[in-house]
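S.K.: Attaching a single structure in structure tokens format; questions to follow.
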Amino acid sequence: MNTPIERPDYYAVLGVPRGADALTIRRAYRQLAASYHPDRHPGGSPLATVRFQRVVEAFGILGDPERRERYDAGQAIDAPKVEEGTALAELFGSVVDQLFGVKARSLQPGPDVLYRLDLEFAEAALGTRRELSLPRPDPCARCDGRGFPLEHLPEICPRCAGRGEIQRRRGLRSAVEACPDCDGRGHLVVVACEACEGRGRVEVRRPLRIDVPPGVADGAELLIRGAGGAGRHGGPPGDCIVRLTVRPHPLLRRRGMDVLLERPVRVFDAMAGGWLDVPTLEGPRRLRLAPNTGDGAVLRMSGLGVAATGGARGDQLVTIRLEWPTGLSAEQAAALEALARQSGPETFPRTARFEAAVQSAPDEGERQDGRRA
Ligand SMILES: [Zn+2]
Ligand SMILES: [Zn+2]
């Protein structure tokens, strides 16, 4: 048999009935603590300090469901004792911490941040390094991430009684969720901190260097661990997610590892052959065009395509699109006609062979003229 342990009547210290619920206890504690605000006791009256210590101790027990149960049952409790001689202002600070929900005091990881980065077509294809000025939400230094001025006591959220979470019942199951009224904080912001407007976090811009690997596609995301908002109470920082947008190139397109280009060429130039200027990922290059290159011919520029992390490169494929003259003057048309008259079967041998075959074919060929197979 355990002998009941002698202890002060903590219910009396807080001025609440024995059956008081959690919210009543928190509210009573908050009110009592407010009356011990250091501003009301300039110089820290010794009597007030001793009384305040008892109040803080009482809440240390009754404010914790497990300890309260043991206390009610007269069992030993491993409760935090307030050290004798603690200054009033210091006690007050511990009250603020106590009134926060259990969650708020435990380690909190920092939030993840999303950053959108626009890349030029060539940067995405070849990879690049960028220096970003990244806005990161850090805990507000002015209010220590609480959202209200340090000299105020937190206003306890009535819905969750300051715990920051609520039990939701769905049929037979019940789940613990963040309290929607206080956003899981356990307290309501009545007087907001001026520096963070009650959010508890402020945006700080920090430089971040990122390496964009070669060959990234539009919409790809890079995860940079630990580059998000700072954590609280020793929690790890969040991550930074960089979402990439690749600006289309006015002339170049991508197909897998290859870069595609359609290059219009004057029919006269195609006949003569020569050098063509073409844009590539690495700026303008010259491409050799053989004489009499036909429409639709594909010229391969090896190693000028999209890069891969291992060092491999795709090719650039240039499709030749022959352009025929339009809007010729009477003079130009006459010159072309003269040129045509001068050309014999040896100038256009394929056409000449075809025409010869048509002339020697039997008559039935003519009746099927115009029909499609
Ligand atoms: Zn709440
Ligand atoms: Zn603040």
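Note on naming: chains are A, B, ... as they come in the structure tokens, residues start from 1 per chain, ligands start from 1 in the order shown.
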Considering only C-alpha atoms and all ligand atoms, give me a table of residues in chain A that are at most 7 Å from ligand 2, with the closest atom pair and distance in Å for each, as a Markdown table.
M.R.:
| residue | atom | partner | partner_atom_place_in_ligand_line | distance |
| --- | --- | --- | --- | --- |
| A:Cys140 | CA | ligand 2 | 1 (Zn) | 4.5 |
| A:Ala141 | CA | ligand 2 | 1 (Zn) | 6.5 |
| A:Arg142 | CA | ligand 2 | 1 (Zn) | 5.0 |
| A:Cys143 | CA | ligand 2 | 1 (Zn) | 4.2 |
| A:Asp144 | CA | ligand 2 | 1 (Zn) | 6.6 |
| A:Gly145 | CA | ligand 2 | 1 (Zn) | 5.8 |
| A:Arg146 | CA | ligand 2 | 1 (Zn) | 6.5 |
| A:Gly147 | CA | ligand 2 | 1 (Zn) | 4.7 |
| A:Phe148 | CA | ligand 2 | 1 (Zn) | 6.2 |
| A:Pro149 | CA | ligand 2 | 1 (Zn) | 7.0 |
| A:Cys193 | CA | ligand 2 | 1 (Zn) | 4.5 |
| A:Glu194 | CA | ligand 2 | 1 (Zn) | 6.3 |
| A:Ala195 | CA | ligand 2 | 1 (Zn) | 4.9 |
| A:Cys196 | CA | ligand 2 | 1 (Zn) | 4.1 |
| A:Glu197 | CA | ligand 2 | 1 (Zn) | 6.5 |
| A:Gly198 | CA | ligand 2 | 1 (Zn) | 6.0 |
| A:Arg199 | CA | ligand 2 | 1 (Zn) | 6.8 |
| A:Gly200 | CA | ligand 2 | 1 (Zn) | 4.8 |
| A:Arg201 | CA | ligand 2 | 1 (Zn) | 6.4 |
S.K.: Given a cut-off of 7 Å, what residues near ligand 1 show up using only C-alpha atoms and all ligand atoms, put as JSON, numbers by chain?
M.R.: {"A": [157, 158, 159, 160, 161, 162, 163, 164, 165, 179, 180, 181, 182, 183, 184, 185, 186, 187]}
S.K.: When distances are computed from only C-alpha atoms, which of A:Glu346, A:Glu203, A:Asp64, A:Asp112 shows the smallest separation from Pro139 in chain A?
M.R.: A:Glu203
S.K.: Report as a list in words: the residues of range 268-324 of chain A with a DSSP assignment of helix (DSSP H, G or I), based on the backbone of this structure.
M.R.: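 Listing helix (DSSP H, G or I) positions across range 268-324 of chain A yields Phe268, Asp269, Ala270, Met271 and Ala272 of chain A.
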S.K.: Apply DSSP to the structure's backbone, then extract all residues of range 147-201 of chain A labelled strand (DSSP E or B) and return them as a list in words.
M.R.: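 Answer for range 147-201 of chain A, restricted to strand (DSSP E or B): Glu155, Ile156, Glu165, Ile166, Gln167, Arg168, Arg169, Arg170, Arg173, Ser174, Ala175, Val176, Glu177, Ala178, His187, Leu188 and Arg201 of chain A.
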S.K.: Would you output that residue set with N, CA and C atoms, as a short mmCIF file (atom, residue, chain, number, x, y, z; two decimals), in the first residue's frame?
M.R.:
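The result, stored in selection.cif:
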data_model
loop_
_atom_site.label_atom_id
_atom_site.label_comp_id
_atom_site.auth_asym_id
_atom_site.auth_seq_id
_atom_site.Cartn_x
_atom_site.Cartn_y
_atom_site.Cartn_z
N GLU A 155 -3.12 33.92 -25.32
CA GLU A 155 -4.56 33.74 -25.12
C GLU A 155 -4.86 32.29 -25.48
N ILE A 156 -5.32 31.51 -24.50
CA ILE A 156 -5.50 30.08 -24.73
C ILE A 156 -6.64 29.83 -25.70
N GLU A 165 -4.14 20.52 -30.64
CA GLU A 165 -4.73 19.45 -31.45
C GLU A 165 -6.05 19.01 -30.87
N ILE A 166 -6.87 18.47 -31.71
CA ILE A 166 -8.20 18.02 -31.28
C ILE A 166 -8.43 16.59 -31.75
N GLN A 167 -9.31 15.90 -31.03
CA GLN A 167 -9.70 14.54 -31.41
C GLN A 167 -10.93 14.65 -32.30
N ARG A 168 -10.87 14.04 -33.44
CA ARG A 168 -12.01 14.03 -34.35
C ARG A 168 -12.51 12.60 -34.42
N ARG A 169 -13.81 12.45 -34.29
CA ARG A 169 -14.38 11.12 -34.41
C ARG A 169 -14.99 10.94 -35.78
N ARG A 170 -14.61 9.86 -36.43
CA ARG A 170 -15.23 9.53 -37.72
C ARG A 170 -15.72 8.10 -37.58
N ARG A 173 -13.71 5.35 -35.53
CA ARG A 173 -12.32 5.79 -35.38
C ARG A 173 -12.26 7.21 -34.84
N SER A 174 -11.17 7.50 -34.17
CA SER A 174 -10.93 8.89 -33.82
C SER A 174 -9.49 9.22 -34.18
N ALA A 175 -9.33 10.41 -34.69
CA ALA A 175 -8.00 10.81 -35.15
C ALA A 175 -7.62 12.14 -34.50
N VAL A 176 -6.32 12.33 -34.33
CA VAL A 176 -5.83 13.59 -33.77
C VAL A 176 -5.45 14.51 -34.92
N GLU A 177 -6.03 15.70 -34.89
CA GLU A 177 -5.75 16.67 -35.96
C GLU A 177 -5.31 17.99 -35.35
N ALA A 178 -4.63 18.78 -36.16
CA ALA A 178 -4.26 20.14 -35.71
C ALA A 178 -5.54 20.94 -35.52
N HIS A 187 -2.74 28.64 -29.06
CA HIS A 187 -3.14 29.95 -28.54
C HIS A 187 -3.63 30.82 -29.69
N LEU A 188 -4.40 31.85 -29.32
CA LEU A 188 -4.91 32.76 -30.32
C LEU A 188 -4.10 34.05 -30.24
N ARG A 201 6.55 34.22 -38.06
CA ARG A 201 7.68 34.03 -38.96
C ARG A 201 7.87 35.26 -39.82
#
S.K.: Mind giving me the straight-line distance from CA of Ser329 in chain A to CA of Arg263 in chain A in Å, one decimal?
M.R.: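 Pair CA of Ser329 in chain A / CA of Arg263 in chain A returns 25.7 Å.
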S.K.: Which one of A:Ser343, A:Ser45, A:Phe121, A:Gly63 sits closest to Thr86 in chain A if you count only C-alpha atoms?
M.R.: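 Counting only C-alpha atoms, the residue closest to Thr86 in chain A is A:Ser45.
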S.K.: Leu132 in chain A: which residues within 9 Å, counting only C-alpha atoms, same-chain residues fewer than 5 positions away excluded, as a ChimeraX atom specification?
M.R.: /A:206-210
S.K.: Produce a file of the selected residues containing N, CA and C atoms, as a PDB file, in the first residue's frame.
M.R.:
ATOM      1  N   ARG A 206      18.004  35.080 -48.346  1.00  0.00           N
ATOM      2  CA  ARG A 206      19.369  34.563 -48.192  1.00  0.00           C
ATOM      3  C   ARG A 206      19.870  34.093 -49.551  1.00  0.00           C
ATOM      4  N   PRO A 207      21.142  34.282 -49.810  1.00  0.00           N
ATOM      5  CA  PRO A 207      21.666  33.814 -51.092  1.00  0.00           C
ATOM      6  C   PRO A 207      21.748  32.291 -51.113  1.00  0.00           C
ATOM      7  N   LEU A 208      21.439  31.728 -52.241  1.00  0.00           N
ATOM      8  CA  LEU A 208      21.531  30.273 -52.399  1.00  0.00           C
ATOM      9  C   LEU A 208      22.047  29.988 -53.801  1.00  0.00           C
ATOM     10  N   ARG A 209      23.095  29.205 -53.870  1.00  0.00           N
ATOM     11  CA  ARG A 209      23.652  28.855 -55.169  1.00  0.00           C
ATOM     12  C   ARG A 209      23.096  27.483 -55.549  1.00  0.00           C
ATOM     13  N   ILE A 210      22.505  27.393 -56.722  1.00  0.00           N
ATOM     14  CA  ILE A 210      22.008  26.086 -57.147  1.00  0.00           C
ATOM     15  C   ILE A 210      22.615  25.690 -58.491  1.00  0.00           C
TER      16      ILE A 210
END
S.K.: Distance CA of Val298 in chain A-CA of Val318 in chain A, one decimal place?
M.R.: 5.4 Å
S.K.: CA of Leu289 in chain A and CA of Phe354 in chain A, how far apart in Å?
M.R.: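 These two atoms are separated by 28.0 Å.
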S.K.: Would you list the contacts of Ser35 in chain A as a ChimeraX atom specification, taking every protein, DNA or RNA residue within 12 Å and counting only C-alpha atoms, but skipping same-chain residues closer than 3 positions in sequence?
M.R.: /A:28-32,38-41,48-49,51-52,55,88,92,152-153
S.K.: Can you pull out every residue within 6 Å of range 225-228 of chain A, counting only C-alpha atoms, but drop anything in the same chain fewer than 4 positions away, and send it as a list of chain:residue names?
M.R.: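 Those residues are A:Asp112, A:Val113, A:Pro237, A:Gly238, A:Asp239, A:Cys240.
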S.K.: Taking only C-alpha atoms into account, which of A:Thr319, A:Gln98, A:Thr245, A:Asn292 comes nearest Phe268 in chain A?
M.R.: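 Among the listed residues, the smallest separation from Phe268 in chain A belongs to A:Asn292.
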S.K.: Quick one: of A:Arg286, A:Arg254, A:Arg353, A:Arg130, who's nearest to Pro213 in chain A, counting only C-alpha atoms?
M.R.: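 For Pro213 in chain A, the nearest of the candidates is A:Arg130.
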